[in-house]
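**Student:** A single structure is presented below for examination.
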Amino acid sequence: MVEFMMPFTIDVNLQNGIIPNAPIVQTRHLSDLQGLFADSAAESALLAENPILYEVYEATENPVVEGHLRYSTTVIYPGKVGDEYFFTKGHYHAIGDRAELYLGLLGEGYLLLQTPAGEVHALRMLPGTAAYVPPYWGHRTINVGTENFVFFACYPADAGYDYASIAEKGFAQIMVERAGKPELVANPKWRT
Ligand code: PAN
Ligand code: ZN
């Protein structure tokens with residue numbers, strides 16, 4: 001017997017990305033991403049201040065089971081560690097074949113995608129850009145602007161998070177500021 005969940009709507013504040021009634025499920029400070037930035041000296045120096053890099057608002061009413069979707073907004077603050085722009089930790093989905101869709105709401109950023117072998121693609125995201133994360137790709141978002149970079153994400157409820165591979169190896173390429181502009185360069189810390 002199918003159990004029918006009641007349909008519903010949610011509101012997303014398009015001025016700031018906040019989903020009213022959705023708790024902040026993640027507040028990530030620099031210390032939560034320690035070791036992920038290429039410039040270790042700049043990272044250590046900024047740790048004294050330990051700024052918040054990003055926050056995630058996730059609507060939590062949906063069951064975390066196969067067949068359902070979950071959704072959230074992520075607000076990444078502007079800033080850099082050395083010349084590398086603030087980014088999210090990045091992860092593969094624990095169930096690798098689960099895809100995801102991002103929709104840019106505010107600001108200017110990049111979605112960095114990586115295969116486990118280290119093939120990287122960077123997709124520019126502006127308000128209105130819908131960016132697809134195909135199954136099996138690791139993904140990280142980066143704020144390359146001077147304002148908050150905010151995006152909506154929708155993903156299979158059972159996708160889960162594998163942070164360990166990224167924490168261990170990082171991304172093969174990183175986004176740094178060169179002559180005032182974002183540029184993708186090889187990550188000196190990347191381990192194959
Ligand atoms: C997103 C991310 C969110 C924060 O909702 O979880 O942007 O990034 P990290 O999880 O890498 O810290 C998503 O991709 N969910 O699957
Ligand atoms: Zn994801």
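Letters A, B, ... go to the chains of the structure tokens in the order shown; residues in each chain start at 1; ligands are counted from 1 in the same order.
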Can you check which residues of region 15-174 of chain A DSSP gives as strand (DSSP E or B) on the backbone and send them as a CSV table (one decimal) with N, CA, C and O atoms, in the first residue's frame?

**Tutor:**
chain,number,residue,atom,x,y,z
A,24,ILE,N,19.8,26.3,10.3
A,24,ILE,CA,21.1,26.2,9.8
A,24,ILE,C,21.7,24.9,10.2
A,24,ILE,O,21.8,24.6,11.4
A,25,VAL,N,21.9,24.0,9.2
A,25,VAL,CA,22.5,22.7,9.6
A,25,VAL,C,24.0,22.6,9.6
A,25,VAL,O,24.6,21.8,10.3
A,26,GLN,N,24.6,23.6,8.9
A,26,GLN,CA,26.0,23.6,8.9
A,26,GLN,C,26.5,25.1,9.0
A,26,GLN,O,26.1,25.9,8.3
A,27,THR,N,27.4,25.3,10.0
A,27,THR,CA,28.1,26.6,10.0
A,27,THR,C,29.6,26.2,10.0
A,27,THR,O,30.1,25.6,10.9
A,28,ARG,N,30.2,26.4,8.8
A,28,ARG,CA,31.6,26.0,8.7
A,28,ARG,C,32.6,27.1,8.8
A,28,ARG,O,32.5,28.1,8.1
A,29,HIS,N,33.4,27.0,9.8
A,29,HIS,CA,34.5,28.0,10.1
A,29,HIS,C,35.7,27.5,9.3
A,29,HIS,O,35.8,26.3,8.9
A,52,ILE,N,33.8,32.5,9.6
A,52,ILE,CA,32.8,31.6,9.0
A,52,ILE,C,33.0,31.7,7.5
A,52,ILE,O,33.0,32.7,6.9
A,53,LEU,N,33.2,30.5,6.9
A,53,LEU,CA,33.3,30.5,5.4
A,53,LEU,C,31.9,30.3,4.7
A,53,LEU,O,31.7,30.9,3.7
A,54,TYR,N,31.1,29.5,5.3
A,54,TYR,CA,29.7,29.3,4.7
A,54,TYR,C,28.8,28.7,5.7
A,54,TYR,O,29.2,28.1,6.7
A,55,GLU,N,27.5,28.8,5.3
A,55,GLU,CA,26.4,28.3,6.1
A,55,GLU,C,25.4,27.5,5.2
A,55,GLU,O,25.3,27.9,4.1
A,56,VAL,N,24.8,26.5,5.7
A,56,VAL,CA,23.9,25.7,4.9
A,56,VAL,C,22.5,25.7,5.6
A,56,VAL,O,22.5,25.3,6.8
A,57,TYR,N,21.5,26.1,4.9
A,57,TYR,CA,20.1,26.0,5.5
A,57,TYR,C,19.4,24.8,4.8
A,57,TYR,O,19.3,24.8,3.6
A,58,GLU,N,19.1,23.8,5.6
A,58,GLU,CA,18.5,22.6,5.0
A,58,GLU,C,17.1,22.4,5.5
A,58,GLU,O,16.9,22.4,6.7
A,69,LEU,N,13.4,13.6,-2.1
A,69,LEU,CA,14.4,14.6,-2.4
A,69,LEU,C,14.6,15.5,-1.1
A,69,LEU,O,13.7,15.6,-0.3
A,70,ARG,N,15.8,16.0,-1.0
A,70,ARG,CA,16.0,17.0,0.0
A,70,ARG,C,16.6,18.3,-0.7
A,70,ARG,O,17.0,18.2,-1.8
A,71,TYR,N,16.6,19.4,0.0
A,71,TYR,CA,17.0,20.6,-0.6
A,71,TYR,C,17.6,21.6,0.4
A,71,TYR,O,17.2,21.5,1.6
A,72,SER,N,18.4,22.5,0.0
A,72,SER,CA,19.1,23.4,0.9
A,72,SER,C,19.6,24.6,0.2
A,72,SER,O,19.6,24.6,-1.1
A,73,THR,N,19.9,25.7,0.9
A,73,THR,CA,20.6,26.8,0.3
A,73,THR,C,22.0,26.9,1.0
A,73,THR,O,22.0,26.6,2.2
A,74,THR,N,23.0,27.2,0.3
A,74,THR,CA,24.3,27.4,0.8
A,74,THR,C,24.7,28.9,0.6
A,74,THR,O,24.5,29.4,-0.5
A,75,VAL,N,25.2,29.5,1.7
A,75,VAL,CA,25.6,30.9,1.6
A,75,VAL,C,27.1,30.9,1.9
A,75,VAL,O,27.6,30.6,3.0
A,76,ILE,N,27.9,31.2,0.8
A,76,ILE,CA,29.4,31.3,1.0
A,76,ILE,C,29.8,32.7,1.1
A,76,ILE,O,29.4,33.5,0.2
A,80,LYS,N,39.3,35.2,0.9
A,80,LYS,CA,40.4,34.4,0.4
A,80,LYS,C,41.3,33.9,1.5
A,80,LYS,O,41.4,34.6,2.5
A,81,VAL,N,41.9,32.8,1.3
A,81,VAL,CA,43.0,32.3,2.1
A,81,VAL,C,44.2,32.4,1.2
A,81,VAL,O,44.4,31.6,0.3
A,84,GLU,N,43.6,32.1,-2.6
A,84,GLU,CA,42.6,31.1,-3.0
A,84,GLU,C,41.2,31.5,-2.4
A,84,GLU,O,41.1,31.8,-1.2
A,85,TYR,N,40.2,31.5,-3.2
A,85,TYR,CA,38.9,32.0,-2.8
A,85,TYR,C,38.3,31.0,-1.8
A,85,TYR,O,38.5,29.8,-1.9
A,87,PHE,N,35.8,28.4,-0.2
A,87,PHE,CA,35.1,27.3,-0.8
A,87,PHE,C,34.4,26.4,0.2
A,87,PHE,O,34.7,26.5,1.4
A,91,HIS,N,32.6,17.2,-1.5
A,91,HIS,CA,32.3,15.8,-1.2
A,91,HIS,C,31.9,15.0,-2.4
A,91,HIS,O,31.5,15.6,-3.4
A,92,TYR,N,32.0,13.7,-2.3
A,92,TYR,CA,31.3,12.8,-3.2
A,92,TYR,C,30.1,12.3,-2.5
A,92,TYR,O,30.0,12.5,-1.3
A,100,GLU,N,22.7,15.6,-8.6
A,100,GLU,CA,22.3,16.7,-7.8
A,100,GLU,C,22.1,17.9,-8.8
A,100,GLU,O,22.8,18.0,-9.8
A,101,LEU,N,21.3,18.9,-8.4
A,101,LEU,CA,21.1,20.1,-9.2
A,101,LEU,C,21.3,21.3,-8.3
A,101,LEU,O,20.7,21.4,-7.3
A,102,TYR,N,22.1,22.2,-8.8
A,102,TYR,CA,22.3,23.5,-8.1
A,102,TYR,C,21.7,24.6,-8.9
A,102,TYR,O,21.7,24.6,-10.2
A,103,LEU,N,21.1,25.6,-8.3
A,103,LEU,CA,20.6,26.8,-8.9
A,103,LEU,C,21.2,28.0,-8.3
A,103,LEU,O,21.0,28.3,-7.1
A,104,GLY,N,22.0,28.8,-9.1
A,104,GLY,CA,22.6,30.0,-8.5
A,104,GLY,C,21.5,31.1,-8.2
A,104,GLY,O,20.6,31.3,-9.0
A,105,LEU,N,21.6,31.7,-7.0
A,105,LEU,CA,20.6,32.7,-6.6
A,105,LEU,C,21.2,34.1,-6.5
A,105,LEU,O,20.6,35.1,-6.8
A,106,LEU,N,22.4,34.2,-5.9
A,106,LEU,CA,23.0,35.5,-5.7
A,106,LEU,C,24.5,35.4,-5.8
A,106,LEU,O,25.1,34.3,-5.5
A,109,GLY,N,30.0,32.6,-8.5
A,109,GLY,CA,30.8,31.5,-8.0
A,109,GLY,C,31.2,30.5,-9.1
A,109,GLY,O,30.9,30.7,-10.3
A,110,TYR,N,31.8,29.4,-8.7
A,110,TYR,CA,32.1,28.3,-9.6
A,110,TYR,C,31.7,27.0,-8.9
A,110,TYR,O,31.8,26.9,-7.6
A,111,LEU,N,31.3,26.1,-9.7
A,111,LEU,CA,31.1,24.7,-9.2
A,111,LEU,C,32.2,23.9,-9.8
A,111,LEU,O,32.4,23.9,-11.0
A,112,LEU,N,33.0,23.3,-8.9
A,112,LEU,CA,34.2,22.5,-9.3
A,112,LEU,C,33.8,21.1,-9.2
A,112,LEU,O,33.3,20.6,-8.1
A,113,LEU,N,34.0,20.3,-10.3
A,113,LEU,CA,33.6,18.9,-10.3
A,113,LEU,C,34.8,18.1,-10.5
A,113,LEU,O,35.6,18.5,-11.4
A,114,GLN,N,34.9,16.9,-9.9
A,114,GLN,CA,36.1,16.1,-10.1
A,114,GLN,C,35.7,14.6,-10.0
A,114,GLN,O,34.9,14.2,-9.2
A,120,VAL,N,39.0,17.4,-13.7
A,120,VAL,CA,38.3,18.5,-13.1
A,120,VAL,C,37.6,19.4,-14.1
A,120,VAL,O,38.1,19.6,-15.2
A,121,HIS,N,36.4,19.8,-13.8
A,121,HIS,CA,35.6,20.7,-14.6
A,121,HIS,C,35.2,21.9,-13.7
A,121,HIS,O,34.7,21.6,-12.6
A,122,ALA,N,35.3,23.1,-14.2
A,122,ALA,CA,34.8,24.2,-13.4
A,122,ALA,C,33.6,24.9,-14.2
A,122,ALA,O,33.8,25.3,-15.3
A,123,LEU,N,32.5,25.0,-13.5
A,123,LEU,CA,31.3,25.6,-14.2
A,123,LEU,C,31.0,27.0,-13.5
A,123,LEU,O,30.9,27.0,-12.2
A,124,ARG,N,31.0,28.0,-14.2
A,124,ARG,CA,30.7,29.4,-13.7
A,124,ARG,C,29.2,29.4,-13.3
A,124,ARG,O,28.4,29.0,-14.1
A,125,MET,N,28.9,30.0,-12.1
A,125,MET,CA,27.5,30.1,-11.7
A,125,MET,C,27.2,31.5,-11.3
A,125,MET,O,27.9,32.1,-10.5
A,130,ALA,N,21.5,27.0,-13.6
A,130,ALA,CA,21.3,25.7,-13.1
A,130,ALA,C,22.4,24.8,-13.5
A,130,ALA,O,22.7,24.7,-14.7
A,131,ALA,N,23.1,24.3,-12.5
A,131,ALA,CA,24.3,23.5,-12.8
A,131,ALA,C,24.1,22.0,-12.3
A,131,ALA,O,23.7,21.8,-11.2
A,132,TYR,N,24.4,21.1,-13.2
A,132,TYR,CA,24.1,19.7,-12.9
A,132,TYR,C,25.3,19.0,-12.5
A,132,TYR,O,26.4,19.0,-13.1
A,133,VAL,N,25.2,18.3,-11.4
A,133,VAL,CA,26.2,17.4,-10.8
A,133,VAL,C,25.9,16.0,-11.2
A,133,VAL,O,25.0,15.4,-10.6
A,138,GLY,N,32.7,14.3,-7.6
A,138,GLY,CA,32.9,15.1,-6.4
A,138,GLY,C,32.6,16.5,-6.7
A,138,GLY,O,32.7,16.9,-7.9
A,139,HIS,N,32.1,17.3,-5.8
A,139,HIS,CA,31.7,18.7,-6.1
A,139,HIS,C,32.0,19.6,-4.9
A,139,HIS,O,31.8,19.2,-3.7
A,140,ARG,N,32.5,20.8,-5.3
A,140,ARG,CA,32.8,21.9,-4.3
A,140,ARG,C,32.4,23.2,-5.0
A,140,ARG,O,32.5,23.3,-6.2
A,141,THR,N,31.9,24.1,-4.2
A,141,THR,CA,31.5,25.4,-4.7
A,141,THR,C,32.5,26.5,-4.1
A,141,THR,O,33.0,26.4,-3.0
A,142,ILE,N,32.7,27.6,-4.9
A,142,ILE,CA,33.7,28.6,-4.6
A,142,ILE,C,33.1,30.0,-4.8
A,142,ILE,O,32.4,30.2,-5.9
A,143,ASN,N,33.3,30.9,-3.9
A,143,ASN,CA,32.8,32.3,-4.1
A,143,ASN,C,33.9,33.1,-4.6
A,143,ASN,O,34.9,33.3,-4.0
A,149,PHE,N,28.0,34.4,-2.2
A,149,PHE,CA,27.5,33.6,-3.3
A,149,PHE,C,26.5,32.6,-2.7
A,149,PHE,O,26.9,31.9,-1.7
A,150,VAL,N,25.3,32.6,-3.2
A,150,VAL,CA,24.2,31.8,-2.7
A,150,VAL,C,23.6,30.9,-3.8
A,150,VAL,O,23.4,31.3,-4.9
A,151,PHE,N,23.4,29.6,-3.4
A,151,PHE,CA,22.8,28.7,-4.4
A,151,PHE,C,21.9,27.7,-3.7
A,151,PHE,O,22.0,27.5,-2.5
A,152,PHE,N,20.9,27.3,-4.4
A,152,PHE,CA,19.9,26.3,-4.0
A,152,PHE,C,20.4,24.9,-4.5
A,152,PHE,O,20.9,24.9,-5.6
A,153,ALA,N,20.3,23.9,-3.7
A,153,ALA,CA,20.7,22.6,-4.1
A,153,ALA,C,19.5,21.6,-3.9
A,153,ALA,O,18.8,21.7,-2.9
A,154,CYS,N,19.3,20.7,-4.8
A,154,CYS,CA,18.3,19.6,-4.6
A,154,CYS,C,19.0,18.3,-4.9
A,154,CYS,O,19.6,18.1,-6.0
A,155,TYR,N,18.8,17.3,-4.0
A,155,TYR,CA,19.5,16.0,-4.1
A,155,TYR,C,18.7,14.9,-3.6
A,155,TYR,O,17.8,15.1,-2.7
A,156,PRO,N,18.9,13.7,-4.1
A,156,PRO,CA,18.2,12.5,-3.6
A,156,PRO,C,18.5,12.4,-2.1
A,156,PRO,O,19.6,12.6,-1.6
A,162,ASP,N,30.4,11.8,1.3
A,162,ASP,CA,31.7,11.2,1.6
A,162,ASP,C,32.7,12.3,1.5
A,162,ASP,O,33.1,12.8,0.5
A,173,GLN,N,42.6,20.7,-9.0
A,173,GLN,CA,42.8,22.1,-9.3
A,173,GLN,C,42.1,23.0,-8.4
A,173,GLN,O,41.1,22.6,-7.7
A,174,ILE,N,42.6,24.2,-8.2
A,174,ILE,CA,42.1,25.2,-7.3
A,174,ILE,C,41.8,26.5,-8.0
A,174,ILE,O,42.4,26.8,-9.0

**Student:** Need to verify the contact set: region 175-178 of chain A, 6 Å, only C-alpha atoms, exclusion of same-chain residues closer than 4 positions in sequence. Can you return it as a ChimeraX atom specification?

**Tutor:** /A:83-84,182-184

**Student:** What's the 6 Å shell around region 35-50 of chain A, counting only C-alpha atoms, without same-chain residues fewer than 2 positions away, as a list in words?

**Tutor:** Leu30, Leu33, Val81 and Gly82 of chain A

**Student:** Export, as a PDB file, in the first residue's frame, the selected residues with N, CA, C and O atoms.

**Tutor:**
ATOM      1  N   LEU A  30      36.706  28.360   9.201  1.00  0.00           N
ATOM      2  CA  LEU A  30      37.964  27.966   8.559  1.00  0.00           C
ATOM      3  C   LEU A  30      38.560  26.725   9.237  1.00  0.00           C
ATOM      4  O   LEU A  30      39.085  25.833   8.567  1.00  0.00           O
ATOM      5  N   LEU A  33      37.821  23.402   7.874  1.00  0.00           N
ATOM      6  CA  LEU A  33      38.389  23.067   6.563  1.00  0.00           C
ATOM      7  C   LEU A  33      39.919  23.072   6.615  1.00  0.00           C
ATOM      8  O   LEU A  33      40.595  23.159   5.583  1.00  0.00           O
ATOM      9  N   VAL A  81      41.907  32.780   1.266  1.00  0.00           N
ATOM     10  CA  VAL A  81      43.009  32.319   2.118  1.00  0.00           C
ATOM     11  C   VAL A  81      44.242  32.416   1.220  1.00  0.00           C
ATOM     12  O   VAL A  81      44.379  31.638   0.275  1.00  0.00           O
ATOM     13  N   GLY A  82      45.113  33.410   1.495  1.00  0.00           N
ATOM     14  CA  GLY A  82      46.167  33.711   0.526  1.00  0.00           C
ATOM     15  C   GLY A  82      45.485  34.247  -0.715  1.00  0.00           C
ATOM     16  O   GLY A  82      44.691  35.183  -0.647  1.00  0.00           O
TER      17      GLY A  82
END

**Student:** For ligand 2, which residue among A:Ala164, A:Val65, A:Ala186, A:Ala94 is the nearest when counting only C-alpha atoms and all ligand atoms?

**Tutor:**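 Of all the options, A:Ala94 lies closest to ligand 2.
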